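Since the structure comes first, as structure tokens, the remarks are kept for the end.
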Amino acid sequence: MKFNNILTYLFCSILFTFSCNSSKNIQNRYNPLNDSTQVYVENSDNIANDTSFTEVINTKIETPTTYTNQILKPNIRTVLCHKKEEELSLAIINLASHDKLLISFDDLDADRKDYLYTIIHCNADWTASDLMPSEYINGFTEEFISNYEFSFNTIQQYTHYQFEFPSKNIQPILAGNYIFKIYEENGNTIIYKRFMVLETKVYIDANVRRATLAADRNTKHEIDFTIKHPNLVIGDPFSNIKVHIRQNNKEDNAITDLTPLFVKNEELIYDYEDDNTFWGNNEFRYFDFRSLRYQSERIKNIHSDSINNYVSLFNDRKRSFDRYSIEVDINGKFLIESQEGWKTSIEADYAFVHFTLDVDQISYGDLYLLGEFSDWKLKEEFKLQYDTKQKQYTTSVYLKQGYYNYHYALHDTITDRVDISFIEGTHYQTRNDYYIYVYYRSTGDRYDKLVGVLKTSSKELF
């Protein structure tokens, strides 16, 4: 009997040991996730000290992509997106309307390529929404760009592509922010371009005035506004409504975090004293080279060779301490046009435009040209270099014929701040356009809907 007990004990011990080892091997082999994802195993102190049981979790979290206007190929130039036959208009159409956008660009390779486009629905912050394409597109998800023409009578040869949107094959069925994604047939993206689809549900009353605070009255604008929503039930105005305010439709100084100061019946009131202010800055500088034969007011010299056209502007100077002077401008936009051609889209030529700014060297920052022609960004091709012999900043930019507005912007590399007033000055009399965008997302919705847009101006302050 005793011998049988001993055999039983040995058999159980062997079985227990085998079971533990098998569990350990299975646990180490099992990984249903990707190779980059690991698992922690928590157990007794002995197991915790066994390095074969302890592996590191990959805690990397992907940041959502924020879509901006981008050109991803050096041969692509002059990307335009506006309402058809309204070249200075915003890229906004009304949902389920007959509005049309015209999108165009030039390919300096001057050959024929197969380009396609699709659209991507975005949230208010221009990150991609959680919607499937079938939820916001009626029709196909992509379309070939079949309308193209070769340049005529230009030194710079190029192919001009354009298409209208919505088309018979692709229509948006939801309001909100969108991105045009234009790409080659092999899938390589060449352009991202923003546009919006509006479904009006609210009405906006706005007042642009001199800043309320005494310290800012001579230099800033204050935008007070009220959102009226008689036809829209808003359960929580502090989370359901997002408001973006942009000066001249640029994004570097946009205000995006305002909540209602007062809530009334069917009214949201935004009447702040400081949080809704913008520097007035100054009227935009401009140059006009719609003609390459005659020199306009700001053109110092025009010459050409067999390869390129060259346009030199008169030297600019610092305006930060000048009194305000009224100047006619188009608030940072540009207009493509050729006075010598019948069809601007294919007869307007390109030229190197040379800029010169007479100012002492700045040790703590860099200077850039800023305007819609730079997508309101500090791009390397628009960066000025300091000439120590001439004691001035200079750069040359390759542009298509037209009329352009621009500012000089200082990028303070210490504070990472962009300052236009350092070179241009700032005045409350400056005439700027202000755009108010209202987005709505009710509880349970998976996207931000654009429900209101207003354009107003500070021109009455002068």
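Each chain in the structure tokens gets a letter, A, B and so on, in the order shown; residues start at 1 in every chain, and ligands are counted from 1 in the order they appear.
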Q) So which residues touch segment 128-145 of chain A within 10 Å, counting only C-alpha atoms, skipping near sequence neighbours fewer than 6 positions away, as a ChimeraX atom specification? A) /A:64-67,113-122,161-164,167-179,181-185,446-448
- [ ] Would you list, as a PyMOL selection string, the residues of segment 108-203 of chain A that end up in strand (DSSP E) under DSSP run on this structure's backbone?
- [x] chain A and resi 115-122+137-139+143-144+148-150+159-165+170-172+176-184+189-198+203
request  = Quick one: pick out all helix (DSSP H, G or I) residues within segment 148-261 of chain A from a backbone DSSP run and write them as a PyMOL selection string.
outcome  = chain A and resi 214-216+237-240
Practice prompt. For Val79 of chain A, list every protein, DNA or RNA residue within 12 Å, evaluated using only C-alpha atoms, and leave out those in the same chain fewer than 5 positions away; present the list as a ChimeraX atom specification.
Written response: /A:69-73,102-107,160-163,180,182,190-194,334-336,345,372-375,399-400
Residues within 10 Å of Val202 of chain A, only C-alpha atoms, excluding chain neighbours under 4 positions, as a compact mmCIF listing (two decimals) with C-alpha atoms, in the first residue's frame:
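Saved result, selection-v6.txt, follows:
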```txt
# COMPACT_ATOMS: atom_id res chain seq x y z
CA ILE A 227 -25.09 82.71 -33.57
CA LYS A 228 -28.85 82.44 -34.08
CA HIS A 229 -30.25 78.92 -34.46
CA PRO A 230 -34.07 78.97 -34.64
CA ASN A 231 -34.10 75.86 -36.85
CA LEU A 232 -31.45 73.85 -35.02
CA GLU A 266 -31.97 80.23 -29.76
CA GLU A 267 -28.94 82.55 -29.48
CA VAL A 438 -19.64 77.33 -37.36
CA TYR A 439 -19.53 73.52 -37.01
CA TYR A 440 -22.13 71.34 -35.33
CA LEU A 450 -20.48 72.95 -41.39
CA VAL A 451 -23.73 74.78 -40.64
CA GLY A 452 -22.83 78.46 -40.92
CA VAL A 453 -20.33 80.78 -42.63
```
From atom CA of Thr256 of chain A to atom CA of Asn240 of chain A the spacing works out at 13.8 Å
Separating atom CA of Arg317 of chain A from atom CA of Ser304 of chain A, to the nearest tenth of an Å, is a gap of 26.7 Å
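Put simply, atom CA of Asp205 of chain A is 28.4 Å away from atom CA of Tyr324 of chain A.
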